[in-house]
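Peer 1: Before I ask anything, let me first share the structure, which is written out below as structure tokens.
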Amino acid sequence: MATQDEIKFLSNPNIGQKQKKYCRFKRFGLKHVDYKDPDFLIQFINQQGKLLPRRLTGNSLKFQRRVSTAVKRARHLAILPYLSDLLK
Amino acid sequence: MRHYEVTFIVDPVLSGDEVKSTAKSYQDILTSEGARIIHVDEMGLRPLAYSINKRSTGVYYTIEFTSETGTFIDKFELTLKRDERIMRFLTVKLDKYAVKYNEDKRSGKIGKRVPKEPVVKKPLEYIPYQAFNPEAVNSKRSAEPEVAPTEKPQEN
């Protein structure tokens, strides 16, 4: 139980604060996007198998381009579907 | 000197030996053209994301090779295209990061991602209900030294 002294705010101050998005390739030092790894690429496509925009993934332009080519290569080799339903 | 990588899917209807001989024949073509094969990755039978030629699985092969001139690649791709045993193929030029990535993958530095362990939430501490006991409160009060209440100035 929180005592009276521990209560400082009436509502949670972290609610409503936007978390800054970041490019995971830059932050974790990933230099290459592998088109043969569907488990990794699935993070950048939605349930229909469409590519997610940079606005949602937070990728930098350089790596968004590489992700998009990797996803397109994976689709050609039937590693990822061109279109699907409930992919995730 | 450039690094290339060719990935192709072999028809799974063929017997195991035929699949292997198909992959071997393409390695032979590459070596005869003067390419140096670095690694052959046999990914084995994998399900396809969509059916190709009414097949739902395929045998994946990846050959990484280096070549001084990439002039034979057009011819090489044409033979792949004409081959009925090959369902799909893709030839890619590798940059230095991709070469390093493949090396690391072979040496086991890049492995399968381990899924994070789910966070186990601690159950809330159970505090049993205590009925109001005036005697206990009174005894506690008497034990504590009584603080004289400061007198407030009376308001009119």
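Order determines the names: the first chain of the structure tokens is A, the second B, and so forth; residues in each chain are numbered 1 upward, and ligands are numbered 1 upward as they are shown.
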Show me, as a compact mmCIF listing (two decimals) with N, CA and C atoms, in the first residue's frame, the residues of chain B whose atoms get within 6 Å of chain A, using only C-alpha atoms for the distance check.

Peer 2:
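Once everything was written out, this is part-v6.txt:
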# COMPACT_ATOMS: atom_id res chain seq x y z
N LEU B 48 6.69 -22.73 -48.70
CA LEU B 48 6.64 -21.48 -49.46
C LEU B 48 5.53 -20.60 -48.89
N ALA B 49 5.73 -19.30 -49.00
CA ALA B 49 4.72 -18.35 -48.49
C ALA B 49 3.49 -18.36 -49.39
N TYR B 97 29.23 -5.10 -46.12
CA TYR B 97 28.52 -5.43 -44.89
C TYR B 97 27.82 -6.78 -45.01
N ALA B 98 27.30 -7.05 -46.21
CA ALA B 98 26.63 -8.32 -46.43
C ALA B 98 27.63 -9.47 -46.34

Peer 1: For atom CA of A:Ala70 and atom CA of B:Phe89, determine how far apart the two atoms are, in Å to one decimal place.

Peer 2: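 One can read the atom CA of A:Ala70 to atom CA of B:Phe89 distance as 14.7 Å.
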
Peer 1: Pick out the closest residue to B:Phe76 from this set: B:Leu30, B:Leu124, B:Val137, B:Met1. Count only C-alpha atoms.

Peer 2: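 Nearest to B:Phe76: B:Leu30.
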
Peer 1: Quick check, in Å to one decimal: how far apart do atom CA of B:Leu94 and atom CA of A:Gly29 lie?

Peer 2: 18.3 Å

Peer 1: From the set A:Leu10, A:Gln64, A:Tyr35, A:Tyr22, which residue has the shortest atom-to-atom contact distance to B:Thr62, counting only C-alpha atoms?

Peer 2: A:Tyr35

Peer 1: Return as a PyMOL selection string the full set of residues in chain B whose backbone-based DSSP assignment is strand (DSSP E or B).

Peer 2: chain B and resi 2-10+36-52+55-67+86-94

Peer 1: For the alpha helix (DSSP H) assignment from backbone DSSP, which residues of stretch 11-52 of chain A qualify? Please present them as a list in words.

Peer 2: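 Answer for stretch 11-52 of chain A, restricted to alpha helix (DSSP H): Arg24, Phe25, Lys26, Arg27, Phe28, Pro38, Asp39, Phe40 and Leu41 of chain A.
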
Peer 1: Would you kindly return, as a PDB file with N, CA and C atoms, in the first residue's frame, each protein, DNA or RNA residue with an atom no farther than 6 Å from any atom of stretch 5-12 of chain B, considering only C-alpha atoms and excluding same-chain residues fewer than 6 positions away?

Peer 2:
ATOM      1  N   GLY B  58       9.540 -26.103 -51.079  1.00  0.00           N
ATOM      2  CA  GLY B  58      10.659 -26.035 -52.003  1.00  0.00           C
ATOM      3  C   GLY B  58      11.969 -26.253 -51.270  1.00  0.00           C
ATOM      4  N   VAL B  59      12.994 -26.690 -52.014  1.00  0.00           N
ATOM      5  CA  VAL B  59      14.311 -26.901 -51.418  1.00  0.00           C
ATOM      6  C   VAL B  59      15.167 -25.681 -51.749  1.00  0.00           C
ATOM      7  N   TYR B  60      15.594 -24.976 -50.717  1.00  0.00           N
ATOM      8  CA  TYR B  60      16.327 -23.721 -50.909  1.00  0.00           C
ATOM      9  C   TYR B  60      17.825 -23.973 -50.893  1.00  0.00           C
ATOM     10  N   TYR B  61      18.520 -23.326 -51.817  1.00  0.00           N
ATOM     11  CA  TYR B  61      19.987 -23.366 -51.867  1.00  0.00           C
ATOM     12  C   TYR B  61      20.499 -21.949 -52.021  1.00  0.00           C
ATOM     13  N   THR B  62      21.579 -21.632 -51.308  1.00  0.00           N
ATOM     14  CA  THR B  62      22.227 -20.339 -51.496  1.00  0.00           C
ATOM     15  C   THR B  62      23.704 -20.585 -51.753  1.00  0.00           C
ATOM     16  N   ILE B  63      24.205 -20.052 -52.849  1.00  0.00           N
ATOM     17  CA  ILE B  63      25.631 -20.185 -53.174  1.00  0.00           C
ATOM     18  C   ILE B  63      26.242 -18.784 -53.157  1.00  0.00           C
ATOM     19  N   GLU B  64      27.258 -18.621 -52.320  1.00  0.00           N
ATOM     20  CA  GLU B  64      27.981 -17.346 -52.297  1.00  0.00           C
ATOM     21  C   GLU B  64      29.276 -17.535 -53.061  1.00  0.00           C
ATOM     22  N   ARG B  85      13.637 -27.688 -63.326  1.00  0.00           N
ATOM     23  CA  ARG B  85      13.753 -28.149 -61.934  1.00  0.00           C
ATOM     24  C   ARG B  85      13.848 -26.983 -60.959  1.00  0.00           C
ATOM     25  N   ILE B  86      14.175 -25.794 -61.485  1.00  0.00           N
ATOM     26  CA  ILE B  86      14.323 -24.609 -60.624  1.00  0.00           C
ATOM     27  C   ILE B  86      13.012 -23.829 -60.653  1.00  0.00           C
ATOM     28  N   MET B  87      12.467 -23.588 -59.469  1.00  0.00           N
ATOM     29  CA  MET B  87      11.200 -22.864 -59.391  1.00  0.00           C
ATOM     30  C   MET B  87      11.414 -21.353 -59.359  1.00  0.00           C
ATOM     31  N   ARG B  88      12.379 -20.905 -58.595  1.00  0.00           N
ATOM     32  CA  ARG B  88      12.671 -19.475 -58.509  1.00  0.00           C
ATOM     33  C   ARG B  88      14.173 -19.310 -58.302  1.00  0.00           C
ATOM     34  N   PHE B  89      14.701 -18.155 -58.686  1.00  0.00           N
ATOM     35  CA  PHE B  89      16.108 -17.865 -58.408  1.00  0.00           C
ATOM     36  C   PHE B  89      16.287 -16.373 -58.272  1.00  0.00           C
ATOM     37  N   LEU B  90      17.354 -15.994 -57.589  1.00  0.00           N
ATOM     38  CA  LEU B  90      17.661 -14.573 -57.402  1.00  0.00           C
ATOM     39  C   LEU B  90      19.164 -14.438 -57.226  1.00  0.00           C
ATOM     40  N   THR B  91      19.773 -13.606 -58.038  1.00  0.00           N
ATOM     41  CA  THR B  91      21.205 -13.326 -57.914  1.00  0.00           C
ATOM     42  C   THR B  91      21.369 -11.909 -57.389  1.00  0.00           C
ATOM     43  N   VAL B  92      22.204 -11.774 -56.384  1.00  0.00           N
ATOM     44  CA  VAL B  92      22.360 -10.491 -55.709  1.00  0.00           C
ATOM     45  C   VAL B  92      23.839 -10.186 -55.584  1.00  0.00           C
TER      46      VAL B  92
END

Peer 1: Atom CA of B:Ile37 to atom CA of B:His3: how many Å, to one decimal?

Peer 2: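 Answer for the atom CA of B:Ile37 to atom CA of B:His3 separation: 9.8 Å.
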
Peer 1: List the neighbours of B:Ile29 out to 12 Å using only C-alpha atoms; skip same-chain residues closer than 3 positions along the sequence, and give me the result as number ranges by chain.

Peer 2: B: 22-26, 32-37, 63, 65, 72-73, 75-77, 79-80
